[in-house]
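Heads up, protein_31.cif below (mmCIF, C-alpha atoms (C1' of nucleotides)):
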```
data_query
loop_
_atom_site.label_atom_id
_atom_site.label_comp_id
_atom_site.auth_asym_id
_atom_site.auth_seq_id
_atom_site.Cartn_x
_atom_site.Cartn_y
_atom_site.Cartn_z
CA MET H 1 2.74 127.36 238.51
CA GLN H 2 3.40 129.20 241.70
CA ASP H 3 1.08 131.57 243.39
CA ARG H 4 1.58 135.03 241.99
CA ARG H 5 2.18 136.58 245.36
CA GLU H 6 4.95 134.10 245.90
CA ILE H 7 6.52 134.91 242.55
CA ILE H 8 6.49 138.58 243.43
CA LEU H 9 8.08 137.98 246.81
CA LYS H 10 10.83 135.91 245.24
CA ALA H 11 11.45 138.68 242.73
CA ALA H 12 11.46 141.22 245.53
CA ILE H 13 14.05 139.41 247.59
CA ALA H 14 16.21 138.88 244.51
CA THR H 15 16.06 142.60 243.85
CA LEU H 16 17.10 143.31 247.41
CA ARG H 17 19.98 140.87 247.13
CA GLU H 18 21.31 142.55 244.00
CA HIS H 19 20.57 146.20 244.47
CA GLY H 20 20.20 146.64 248.21
CA PHE H 21 17.70 148.83 249.98
CA SER H 22 18.11 151.96 247.89
CA GLY H 23 17.66 149.97 244.70
CA PHE H 24 14.54 148.27 245.95
CA THR H 25 11.79 149.79 243.81
CA GLN H 26 8.42 148.57 242.68
CA PRO H 27 9.21 148.94 238.96
CA ARG H 28 12.31 146.80 239.33
CA VAL H 29 10.53 144.10 241.29
CA ALA H 30 7.64 144.14 238.85
CA LYS H 31 9.94 143.78 235.87
CA ARG H 32 11.64 140.79 237.46
CA ALA H 33 8.32 139.17 238.26
CA ASP H 34 7.26 139.88 234.68
CA LEU H 35 4.24 142.08 235.35
CA ARG H 36 3.48 145.78 235.34
CA GLN H 37 4.22 147.92 238.32
CA SER H 38 0.59 148.92 238.50
CA HIS H 39 -0.30 145.26 238.64
CA LEU H 40 2.13 144.63 241.45
CA THR H 41 0.34 147.17 243.57
CA TYR H 42 -2.79 145.06 243.29
CA TYR H 43 -1.09 142.33 245.30
CA PHE H 44 0.90 144.71 247.48
CA PRO H 45 -0.95 148.03 247.63
CA THR H 46 1.99 149.98 249.03
CA ARG H 47 5.72 149.77 249.05
CA LEU H 48 5.59 149.09 252.78
CA ALA H 49 3.28 146.13 252.27
CA LEU H 50 5.74 144.64 249.82
CA LEU H 51 8.58 145.29 252.20
CA GLU H 52 6.75 143.54 255.02
CA GLY H 53 6.16 140.53 252.84
CA VAL H 54 9.74 140.28 251.78
CA ALA H 55 10.97 140.86 255.32
CA ARG H 56 8.86 137.98 256.58
CA LEU H 57 10.45 135.73 253.94
CA ALA H 58 13.96 136.95 254.73
CA VAL H 59 13.58 136.43 258.47
CA ASP H 60 12.33 132.88 258.04
CA GLY H 61 15.07 132.07 255.54
CA GLN H 62 17.79 133.49 257.73
CA LEU H 63 16.64 131.59 260.80
CA ALA H 64 16.39 128.36 258.82
CA ALA H 65 19.92 128.83 257.50
CA LEU H 66 21.21 129.38 261.02
CA GLN H 67 19.31 126.37 262.31
CA SER H 68 21.31 124.10 260.02
CA ILE H 69 24.49 125.43 261.61
CA VAL H 70 23.20 124.86 265.12
CA ASP H 71 23.23 121.12 264.67
CA LEU H 72 26.82 120.85 263.45
CA PRO H 73 28.96 118.60 265.64
CA THR H 74 32.27 120.45 265.91
CA VAL H 75 33.51 123.95 266.61
CA ALA H 76 35.55 123.87 263.42
CA ALA H 77 32.50 123.11 261.31
CA VAL H 78 30.52 125.84 263.03
CA ILE H 79 33.23 128.43 262.43
CA LYS H 80 33.52 127.42 258.80
CA ASN H 81 29.80 127.78 258.24
CA ILE H 82 29.42 131.06 260.07
CA THR H 83 32.36 132.42 258.10
CA ALA H 84 30.70 131.36 254.87
CA MET H 85 27.45 133.01 255.90
CA ILE H 86 29.23 136.25 256.78
CA GLY H 87 30.89 136.22 253.38
CA ARG H 88 27.62 136.01 251.48
CA HIS H 89 27.26 139.65 250.52
CA GLU H 90 23.82 139.28 248.96
CA ASN H 91 22.63 137.94 252.26
CA THR H 92 24.16 140.83 254.16
CA ARG H 93 22.57 143.28 251.75
CA VAL H 94 19.14 141.89 252.56
CA LEU H 95 19.75 142.02 256.29
CA MET H 96 21.05 145.57 256.13
CA ALA H 97 17.97 146.56 254.19
CA LEU H 98 15.89 144.99 256.92
CA ALA H 99 17.81 146.88 259.57
CA GLN H 100 17.27 150.17 257.80
CA ALA H 101 13.63 149.50 257.19
CA ALA H 102 13.27 148.61 260.86
CA ASP H 103 14.84 151.94 261.77
CA GLU H 104 12.23 153.76 259.68
CA GLU H 105 9.11 151.64 260.14
CA PRO H 106 7.80 150.29 263.46
CA SER H 107 5.96 147.45 261.74
CA LEU H 108 9.26 146.16 260.43
CA ARG H 109 10.99 146.77 263.69
CA SER H 110 9.05 144.03 265.41
CA LEU H 111 9.98 141.69 262.58
CA PHE H 112 13.64 142.57 263.02
CA ARG H 113 13.36 141.93 266.74
CA GLU H 114 11.90 138.54 265.97
CA LEU H 115 14.94 137.85 263.81
CA ALA H 116 17.37 139.02 266.47
CA ASP H 117 15.67 136.98 269.19
CA GLY H 118 15.56 133.94 266.94
CA ILE H 119 19.25 134.22 266.19
CA VAL H 120 20.18 134.61 269.84
CA SER H 121 18.13 131.61 270.97
CA ARG H 122 19.69 129.48 268.24
CA LEU H 123 23.18 130.59 269.21
CA ARG H 124 22.40 129.68 272.80
CA GLN H 125 21.44 126.23 271.61
CA LEU H 126 24.56 126.04 269.46
CA LEU H 127 26.89 126.71 272.38
CA GLU H 128 25.05 124.14 274.45
CA ASN H 129 25.41 121.52 271.72
CA LEU H 130 29.15 122.16 271.65
CA HIS H 131 29.29 121.90 275.44
CA LEU H 132 30.45 125.45 275.72
CA ASN H 133 28.47 126.99 278.51
CA GLY H 134 28.56 130.60 277.49
CA THR H 135 27.02 133.38 279.52
CA GLU H 136 24.13 135.36 278.09
CA GLU H 137 26.55 138.19 277.33
CA GLN H 138 28.73 135.87 275.31
CA VAL H 139 25.76 134.70 273.27
CA LEU H 140 24.79 138.29 272.51
CA LEU H 141 28.41 139.03 271.71
CA ILE H 142 28.55 136.30 269.08
CA HIS H 143 25.42 137.69 267.49
CA ALA H 144 26.57 141.29 267.35
CA LEU H 145 30.05 140.25 266.28
CA SER H 146 28.68 138.28 263.34
CA VAL H 147 26.54 141.22 262.27
CA GLY H 148 29.49 143.57 262.47
CA LEU H 149 31.82 141.24 260.60
CA ALA H 150 29.29 140.87 257.81
CA VAL H 151 28.76 144.62 257.49
CA VAL H 152 32.46 145.46 257.51
CA ASP H 153 33.14 142.66 255.06
CA LEU H 154 30.49 143.96 252.68
CA ALA H 155 31.68 147.52 252.84
CA THR H 156 35.42 146.94 252.63
CA GLN H 157 35.42 143.96 250.24
CA ARG H 158 38.99 143.08 250.94
CA PRO H 159 40.77 140.20 249.23
CA HIS H 160 41.48 137.94 252.19
CA SER H 161 38.60 138.83 254.44
CA LYS H 162 37.58 135.21 254.81
CA ARG H 163 40.82 134.36 256.58
CA ARG H 164 40.43 137.39 258.82
CA VAL H 165 36.91 136.47 259.81
CA GLU H 166 37.91 132.89 260.47
CA ALA H 167 40.83 133.94 262.63
CA ILE H 168 38.65 136.22 264.71
CA LEU H 169 36.03 133.55 265.27
CA GLU H 170 38.68 130.97 266.12
CA SER H 171 40.22 133.22 268.74
CA LEU H 172 36.80 133.87 270.22
CA PHE H 173 35.82 130.23 270.41
CA ALA H 174 39.22 129.38 271.84
CA THR H 175 38.55 131.84 274.64
CA LEU H 176 35.16 130.30 275.28
CA ALA H 177 36.68 126.83 275.44
CA SER H 178 39.50 127.79 277.78
CA LYS H 179 37.11 129.56 280.08
CA ASP H 180 34.98 126.45 280.11
CA LYS H 181 37.90 124.31 281.23
CA LYS H 182 38.61 126.50 284.20
CA GLN H 183 35.20 125.88 285.67
CA MET W 1 30.29 183.38 257.06
CA GLN W 2 31.30 179.88 256.19
CA ASP W 3 32.33 178.70 252.79
CA ARG W 4 29.30 177.62 250.85
CA ARG W 5 30.70 174.18 250.14
CA GLU W 6 31.10 173.70 253.85
CA ILE W 7 27.54 174.77 254.53
CA ILE W 8 26.32 172.27 251.99
CA LEU W 9 28.37 169.45 253.48
CA LYS W 10 27.03 170.22 256.94
CA ALA W 11 23.52 170.16 255.56
CA ALA W 12 24.24 166.91 253.79
CA ILE W 13 25.51 165.15 256.86
CA ALA W 14 22.55 166.42 258.87
CA THR W 15 20.24 164.99 256.23
CA LEU W 16 22.00 161.66 256.44
CA ARG W 17 21.72 161.68 260.20
CA GLU W 18 17.99 162.24 260.10
CA HIS W 19 16.82 160.37 257.06
CA GLY W 20 19.49 157.77 256.41
CA PHE W 21 20.81 156.70 253.07
CA SER W 22 17.51 156.26 251.27
CA GLY W 23 16.36 159.70 252.36
CA PHE W 24 19.55 161.34 251.22
CA THR W 25 18.49 163.42 248.22
CA GLN W 26 19.79 166.57 246.65
CA PRO W 27 16.54 168.52 247.08
CA ARG W 28 16.49 167.78 250.78
CA VAL W 29 20.11 168.78 251.26
CA ALA W 30 19.61 171.91 249.19
CA LYS W 31 16.58 172.94 251.20
CA ARG W 32 18.50 172.55 254.43
CA ALA W 33 21.42 174.55 253.07
CA ASP W 34 18.92 177.17 251.90
CA LEU W 35 19.65 177.11 248.21
CA ARG W 36 18.08 175.58 245.11
CA GLN W 37 18.82 172.04 244.15
CA SER W 38 20.06 173.23 240.80
CA HIS W 39 22.45 175.51 242.63
CA LEU W 40 23.73 172.70 244.76
CA THR W 41 24.79 170.82 241.65
CA TYR W 42 27.05 173.72 240.82
CA TYR W 43 29.17 172.90 243.86
CA PHE W 44 28.66 169.14 243.63
CA PRO W 45 27.91 168.23 240.02
CA THR W 46 26.60 164.76 240.80
CA ARG W 47 25.02 162.95 243.66
CA LEU W 48 28.15 160.82 243.96
CA ALA W 49 30.35 163.89 244.29
CA LEU W 50 28.20 165.11 247.16
CA LEU W 51 28.33 161.68 248.75
CA GLU W 52 32.11 161.60 248.53
CA GLY W 53 32.32 164.98 250.18
CA VAL W 54 30.05 164.02 253.01
CA ALA W 55 31.80 160.68 253.45
CA ARG W 56 35.14 162.43 253.83
CA LEU W 57 33.63 164.59 256.56
CA ALA W 58 32.01 161.64 258.30
CA VAL W 59 35.18 159.56 258.32
CA ASP W 60 37.22 162.37 259.82
CA GLY W 61 34.57 163.11 262.41
CA GLN W 62 34.24 159.50 263.42
CA LEU W 63 37.96 159.01 263.82
CA ALA W 64 38.25 162.19 265.84
CA ALA W 65 35.46 161.05 268.13
CA LEU W 66 37.18 157.74 268.66
CA GLN W 67 40.51 159.43 269.28
CA SER W 68 39.08 161.17 272.32
CA ILE W 69 38.15 157.77 273.72
CA VAL W 70 41.59 156.36 273.12
CA ASP W 71 43.14 158.62 275.69
CA LEU W 72 40.76 157.79 278.51
CA PRO W 73 42.55 156.42 281.57
CA THR W 74 40.31 153.58 282.75
CA VAL W 75 38.49 150.60 281.28
CA ALA W 76 35.28 151.77 282.89
CA ALA W 77 35.48 155.15 281.19
CA VAL W 78 36.26 153.54 277.86
CA ILE W 79 33.29 151.19 278.12
CA LYS W 80 31.00 154.04 279.06
CA ASN W 81 32.07 156.12 276.10
CA ILE W 82 31.94 153.32 273.56
CA THR W 83 28.47 152.44 274.83
CA ALA W 84 27.38 156.03 274.38
CA MET W 85 28.76 156.11 270.86
CA ILE W 86 26.98 152.89 269.97
CA GLY W 87 23.74 154.35 271.26
CA ARG W 88 23.92 157.42 269.03
CA HIS W 89 21.53 156.32 266.33
CA GLU W 90 22.14 159.31 264.07
CA ASN W 91 25.77 158.40 264.06
CA THR W 92 25.02 154.79 263.19
CA ARG W 93 22.73 155.93 260.39
CA VAL W 94 25.56 157.86 258.80
CA LEU W 95 27.96 154.95 259.08
CA MET W 96 25.44 152.52 257.65
CA ALA W 97 24.91 154.87 254.74
CA LEU W 98 28.64 154.92 254.22
CA ALA W 99 28.77 151.14 254.29
CA GLN W 100 26.04 150.87 251.70
CA ALA W 101 27.57 153.48 249.50
CA ALA W 102 30.87 151.65 249.76
CA ASP W 103 29.14 148.47 248.64
CA GLU W 104 27.86 150.26 245.56
CA GLU W 105 30.67 152.63 244.67
CA PRO W 106 34.38 151.78 244.55
CA SER W 107 35.38 155.37 245.17
CA LEU W 108 33.60 155.28 248.50
CA ARG W 109 34.91 151.84 249.30
CA SER W 110 38.45 153.13 249.70
CA LEU W 111 37.13 155.81 252.01
CA PHE W 112 35.36 153.20 254.11
CA ARG W 113 38.55 151.16 254.28
CA GLU W 114 40.35 154.21 255.51
CA LEU W 115 37.77 154.50 258.25
CA ALA W 116 38.02 150.84 259.20
CA ASP W 117 41.82 150.94 259.29
CA GLY W 118 41.76 154.14 261.30
CA ILE W 119 39.41 152.64 263.85
CA VAL W 120 41.47 149.49 264.20
CA SER W 121 44.73 151.36 264.71
CA ARG W 122 43.12 153.55 267.34
CA LEU W 123 41.69 150.54 269.13
CA ARG W 124 45.15 148.98 269.13
CA GLN W 125 46.44 152.11 270.78
CA LEU W 126 43.56 152.09 273.23
CA LEU W 127 44.32 148.57 274.44
CA GLU W 128 47.95 149.45 274.80
CA ASN W 129 47.14 152.52 276.89
CA LEU W 130 45.07 150.34 279.19
CA HIS W 131 47.92 147.85 279.42
CA LEU W 132 45.78 145.17 277.85
CA ASN W 133 47.95 143.45 275.31
CA GLY W 134 45.31 142.21 272.93
CA THR W 135 46.12 140.13 269.89
CA GLU W 136 45.36 141.50 266.44
CA GLU W 137 42.29 139.28 266.31
CA GLN W 138 41.00 140.79 269.52
CA VAL W 139 41.42 144.29 268.17
CA LEU W 140 39.49 143.39 265.04
CA LEU W 141 36.89 141.71 267.21
CA ILE W 142 36.28 144.87 269.21
CA HIS W 143 35.80 146.79 266.00
CA ALA W 144 33.37 144.38 264.41
CA LEU W 145 31.54 143.90 267.68
CA SER W 146 31.00 147.63 268.06
CA VAL W 147 29.69 147.89 264.53
CA GLY W 148 27.32 145.00 265.09
CA LEU W 149 26.08 146.32 268.41
CA ALA W 150 25.34 149.69 266.86
CA VAL W 151 23.45 148.20 263.93
CA VAL W 152 21.38 145.85 266.08
CA ASP W 153 20.70 148.65 268.51
CA LEU W 154 19.47 150.93 265.75
CA ALA W 155 17.23 148.31 264.20
CA THR W 156 15.70 146.87 267.35
CA GLN W 157 15.47 150.08 269.40
CA ARG W 158 14.81 148.24 272.62
CA PRO W 159 14.19 150.02 275.90
CA HIS W 160 17.21 148.87 277.89
CA SER W 161 19.70 148.34 275.13
CA LYS W 162 22.28 150.53 276.82
CA ARG W 163 22.53 148.15 279.75
CA ARG W 164 22.84 145.22 277.37
CA VAL W 165 25.63 146.82 275.39
CA GLU W 166 27.47 147.77 278.54
CA ALA W 167 27.20 144.25 279.95
CA ILE W 168 28.57 142.74 276.75
CA LEU W 169 31.50 145.12 276.64
CA GLU W 170 32.24 144.58 280.30
CA SER W 171 32.32 140.83 279.88
CA LEU W 172 34.63 141.20 276.90
CA PHE W 173 37.06 143.52 278.65
CA ALA W 174 37.01 141.27 281.70
CA THR W 175 38.12 138.41 279.50
CA LEU W 176 40.90 140.51 278.04
CA ALA W 177 42.10 141.48 281.50
CA SER W 178 42.04 137.96 282.88
CA LYS W 179 43.92 136.65 279.89
CA ASP W 180 46.45 139.36 280.43
CA LYS W 181 47.06 138.24 283.99
CA LYS W 182 47.79 134.71 282.96
CA GLN W 183 50.74 135.74 280.87
"C1'" DG L 1 32.26 182.44 238.63
"C1'" DT L 2 27.48 182.15 240.52
"C1'" DC L 3 22.94 180.91 240.09
"C1'" DT L 4 18.23 179.27 238.09
"C1'" DA L 5 14.63 177.60 234.98
"C1'" DT L 6 13.64 173.61 232.95
"C1'" DA L 7 14.19 169.13 230.97
"C1'" DG L 8 14.20 164.13 231.39
"C1'" DA L 9 13.81 160.10 234.09
"C1'" DT L 10 11.79 157.39 237.58
"C1'" DA L 11 9.23 156.65 241.71
"C1'" DG L 12 4.60 155.30 244.01
"C1'" DA L 13 -0.41 155.25 243.94
"C1'" DT L 14 -5.22 155.36 241.96
"C1'" DA L 15 -9.23 155.23 239.25
"C1'" DG L 16 -11.30 152.46 236.42
"C1'" DA L 17 -11.48 148.88 232.33
"C1'" DC L 18 -12.34 144.02 231.66
"C1'" DG X 1 -11.18 139.28 241.21
"C1'" DT X 2 -7.49 140.62 237.81
"C1'" DC X 3 -5.08 143.87 235.40
"C1'" DT X 4 -3.58 148.49 233.14
"C1'" DA X 5 -3.48 153.36 231.66
"C1'" DT X 6 -2.47 157.29 233.79
"C1'" DC X 7 -1.66 160.91 237.30
"C1'" DT X 8 1.21 163.17 240.57
"C1'" DA X 9 5.31 163.69 243.07
"C1'" DT X 10 10.11 163.62 243.28
"C1'" DC X 11 14.62 162.84 241.77
"C1'" DT X 12 19.06 164.08 239.05
"C1'" DA X 13 21.18 166.65 235.46
"C1'" DT X 14 21.84 170.33 231.97
"C1'" DA X 15 21.64 174.37 229.23
"C1'" DG X 16 21.96 178.80 229.70
"C1'" DA X 17 20.93 183.55 232.16
"C1'" DC X 18 23.29 187.02 234.88
#
```
Please, can you express the file's structure as structure tokens?
Amino acid sequence: MQDRREIILKAAIATLREHGFSGFTQPRVAKRADLRQSHLTYYFPTRLALLEGVARLAVDGQLAALQSIVDLPTVAAVIKNITAMIGRHENTRVLMALAQAADEEPSLRSLFRELADGIVSRLRQLLENLHLNGTEEQVLLIHALSVGLAVVDLATQRPHSKRRVEAILESLFATLASKDKKQ
Amino acid sequence: MQDRREIILKAAIATLREHGFSGFTQPRVAKRADLRQSHLTYYFPTRLALLEGVARLAVDGQLAALQSIVDLPTVAAVIKNITAMIGRHENTRVLMALAQAADEEPSLRSLFRELADGIVSRLRQLLENLHLNGTEEQVLLIHALSVGLAVVDLATQRPHSKRRVEAILESLFATLASKDKKQ
DNA sequence: GTCTATAGATAGATAGAC
DNA sequence: GTCTATCTATCTATAGAC
């Protein structure tokens, strides 16, 4: 049997995945974790405390997921995996919730910065592994671009968005490669 | 004296700007518009109806703001203005709310698509005006990149983010220009 | 047609039982 | 230490007054 705190956090992140930030309520999380809302507040005294716990989990999970992409051997594999990650709407919902919470609460802002920094350093490593020596601006561009693609994908929910995303990433990586050759 | 519906919509968008999606409630909007919440529901019977109204306003406003950038004569001016737009957190808050609402409600999704399509077509025009013949993928890239930069900027709220954003955009436009020369 | 009192539901937090 | 009944605040929606 898992630790109860852990069960609650799992339930909390599942709630965020399904219902997003506005649907993230203590009663809902409590129901999913199979305990009363008033019991939940014993483990997490305030909504913010719960949010911090779930944010910690989400940041670690996101960075771990990215790490597995960093070690892929080819550009094609990297593009495929980033595209897949961008298409995971539940994942985007969690990250958007984090972004909003960071906008409202300073304690979550530092956590979001940790996530952003972690992503950027992993992307730097990724480009190095692929022997694409990108500038710092290009690394930051890939980060922001991925965020934007995920958000637009979530909000528009178009039929062939996967192809679109892939095409955009391919054109970007092609540019990086050609620039590399010129050096 | 303005039409009351208009007053309400202005109040609603101001609420969204300040408090974001989760703080967007009928009582708050009503208070700002100086009428009772129960009166507000006379003009907008449901929360969704109010959201649709405010989304319509936000989409039009956003496209108009972008239109004024489209006609700028130089790359430098364009970059400066896009950077400024990305740095307007209240603006980003509204757009993020729209994105979330679009994720939840199909009726708002079509409105968000209208926004996305409008932005892309204006960006296409913008590149043309600057004599940068970007591919379709590059146009979509600029869109998604801008979205991502705005979201990350809002959530991290770093001291020198403006410089960062500017540097990223400059490096991107430099790439576009150099590619153009090669043709 | 314009407006309000009020109902009904749900949120978050606390005092206190065991 | 673990858990729950309960309070207060706040939200959305409706029935009905003017």
Could you list the residues chosen by the PyMOL selection byres ((chain X) within 9 of (chain H)) in this structure as a VMD selection string?
-> chain X and resid 2 to 4
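Coordinates place atom CA of Arg88 of chain W at a distance of 22.5 Å from atom CA of Pro73 of chain W.
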Using all atoms listed in the file, find each residue in chain L having at least one atom no more than 12 Å away from chain H; report its shortest atom-to-atom pair and that distance in Å (one decimal), rows by chain then rising number, as a Markdown table.
```
| residue | atom | partner | partner_atom | distance |
| --- | --- | --- | --- | --- |
| L:DT10 | C1' | H:Pro27 | CA | 8.9 |
| L:DA11 | C1' | H:Thr25 | CA | 7.6 |
| L:DG12 | C1' | H:Arg47 | CA | 7.6 |
| L:DA13 | C1' | H:Thr46 | CA | 7.7 |
| L:DT14 | C1' | H:Ser38 | CA | 9.3 |
| L:DA15 | C1' | H:Ser38 | CA | 11.7 |
```
10 Å contact set for segment 57-70 of chain W, only C-alpha atoms (C1' of nucleotides), chain neighbours under 5 positions out, as a VMD selection string = chain W and resid 6 9 to 10 13 51 to 52 77 to 82 85 91 94 to 95 98 111 to 116 118 to 119 122 to 130
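Proximity ranking of H:Ala84, H:Val54, H:Ile142, H:Ala99 relative to chain W places H:Ala99 first, based on all atoms listed in the file.
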Hey, list the chain H side of the contact with chain W: 9 Å cut-off, all atoms listed in the file, answer as a PyMOL selection string.
-> chain H and resi 19-22+93+96+98-104+109-110+112-113+116+136-138+140-152+154-158+164-165+167-169+171-172+175+179
Saved selection, atoms kept: C-alpha atoms, as a PDB file, in the coordinates of the input:
```pdb
ATOM      1  CA  HIS H  19      20.570 146.200 244.470  1.00  0.00           C
ATOM      2  CA  GLY H  20      20.200 146.640 248.210  1.00  0.00           C
ATOM      3  CA  PHE H  21      17.700 148.830 249.980  1.00  0.00           C
ATOM      4  CA  SER H  22      18.110 151.960 247.890  1.00  0.00           C
ATOM      5  CA  ARG H  93      22.570 143.280 251.750  1.00  0.00           C
ATOM      6  CA  MET H  96      21.050 145.570 256.130  1.00  0.00           C
ATOM      7  CA  LEU H  98      15.890 144.990 256.920  1.00  0.00           C
ATOM      8  CA  ALA H  99      17.810 146.880 259.570  1.00  0.00           C
ATOM      9  CA  GLN H 100      17.270 150.170 257.800  1.00  0.00           C
ATOM     10  CA  ALA H 101      13.630 149.500 257.190  1.00  0.00           C
ATOM     11  CA  ALA H 102      13.270 148.610 260.860  1.00  0.00           C
ATOM     12  CA  ASP H 103      14.840 151.940 261.770  1.00  0.00           C
ATOM     13  CA  GLU H 104      12.230 153.760 259.680  1.00  0.00           C
ATOM     14  CA  ARG H 109      10.990 146.770 263.690  1.00  0.00           C
ATOM     15  CA  SER H 110       9.050 144.030 265.410  1.00  0.00           C
ATOM     16  CA  PHE H 112      13.640 142.570 263.020  1.00  0.00           C
ATOM     17  CA  ARG H 113      13.360 141.930 266.740  1.00  0.00           C
ATOM     18  CA  ALA H 116      17.370 139.020 266.470  1.00  0.00           C
ATOM     19  CA  GLU H 136      24.130 135.360 278.090  1.00  0.00           C
ATOM     20  CA  GLU H 137      26.550 138.190 277.330  1.00  0.00           C
ATOM     21  CA  GLN H 138      28.730 135.870 275.310  1.00  0.00           C
ATOM     22  CA  LEU H 140      24.790 138.290 272.510  1.00  0.00           C
ATOM     23  CA  LEU H 141      28.410 139.030 271.710  1.00  0.00           C
ATOM     24  CA  ILE H 142      28.550 136.300 269.080  1.00  0.00           C
ATOM     25  CA  HIS H 143      25.420 137.690 267.490  1.00  0.00           C
ATOM     26  CA  ALA H 144      26.570 141.290 267.350  1.00  0.00           C
ATOM     27  CA  LEU H 145      30.050 140.250 266.280  1.00  0.00           C
ATOM     28  CA  SER H 146      28.680 138.280 263.340  1.00  0.00           C
ATOM     29  CA  VAL H 147      26.540 141.220 262.270  1.00  0.00           C
ATOM     30  CA  GLY H 148      29.490 143.570 262.470  1.00  0.00           C
ATOM     31  CA  LEU H 149      31.820 141.240 260.600  1.00  0.00           C
ATOM     32  CA  ALA H 150      29.290 140.870 257.810  1.00  0.00           C
ATOM     33  CA  VAL H 151      28.760 144.620 257.490  1.00  0.00           C
ATOM     34  CA  VAL H 152      32.460 145.460 257.510  1.00  0.00           C
ATOM     35  CA  LEU H 154      30.490 143.960 252.680  1.00  0.00           C
ATOM     36  CA  ALA H 155      31.680 147.520 252.840  1.00  0.00           C
ATOM     37  CA  THR H 156      35.420 146.940 252.630  1.00  0.00           C
ATOM     38  CA  GLN H 157      35.420 143.960 250.240  1.00  0.00           C
ATOM     39  CA  ARG H 158      38.990 143.080 250.940  1.00  0.00           C
ATOM     40  CA  ARG H 164      40.430 137.390 258.820  1.00  0.00           C
ATOM     41  CA  VAL H 165      36.910 136.470 259.810  1.00  0.00           C
ATOM     42  CA  ALA H 167      40.830 133.940 262.630  1.00  0.00           C
ATOM     43  CA  ILE H 168      38.650 136.220 264.710  1.00  0.00           C
ATOM     44  CA  LEU H 169      36.030 133.550 265.270  1.00  0.00           C
ATOM     45  CA  SER H 171      40.220 133.220 268.740  1.00  0.00           C
ATOM     46  CA  LEU H 172      36.800 133.870 270.220  1.00  0.00           C
ATOM     47  CA  THR H 175      38.550 131.840 274.640  1.00  0.00           C
ATOM     48  CA  LYS H 179      37.110 129.560 280.080  1.00  0.00           C
TER      49      LYS H 179
END
```
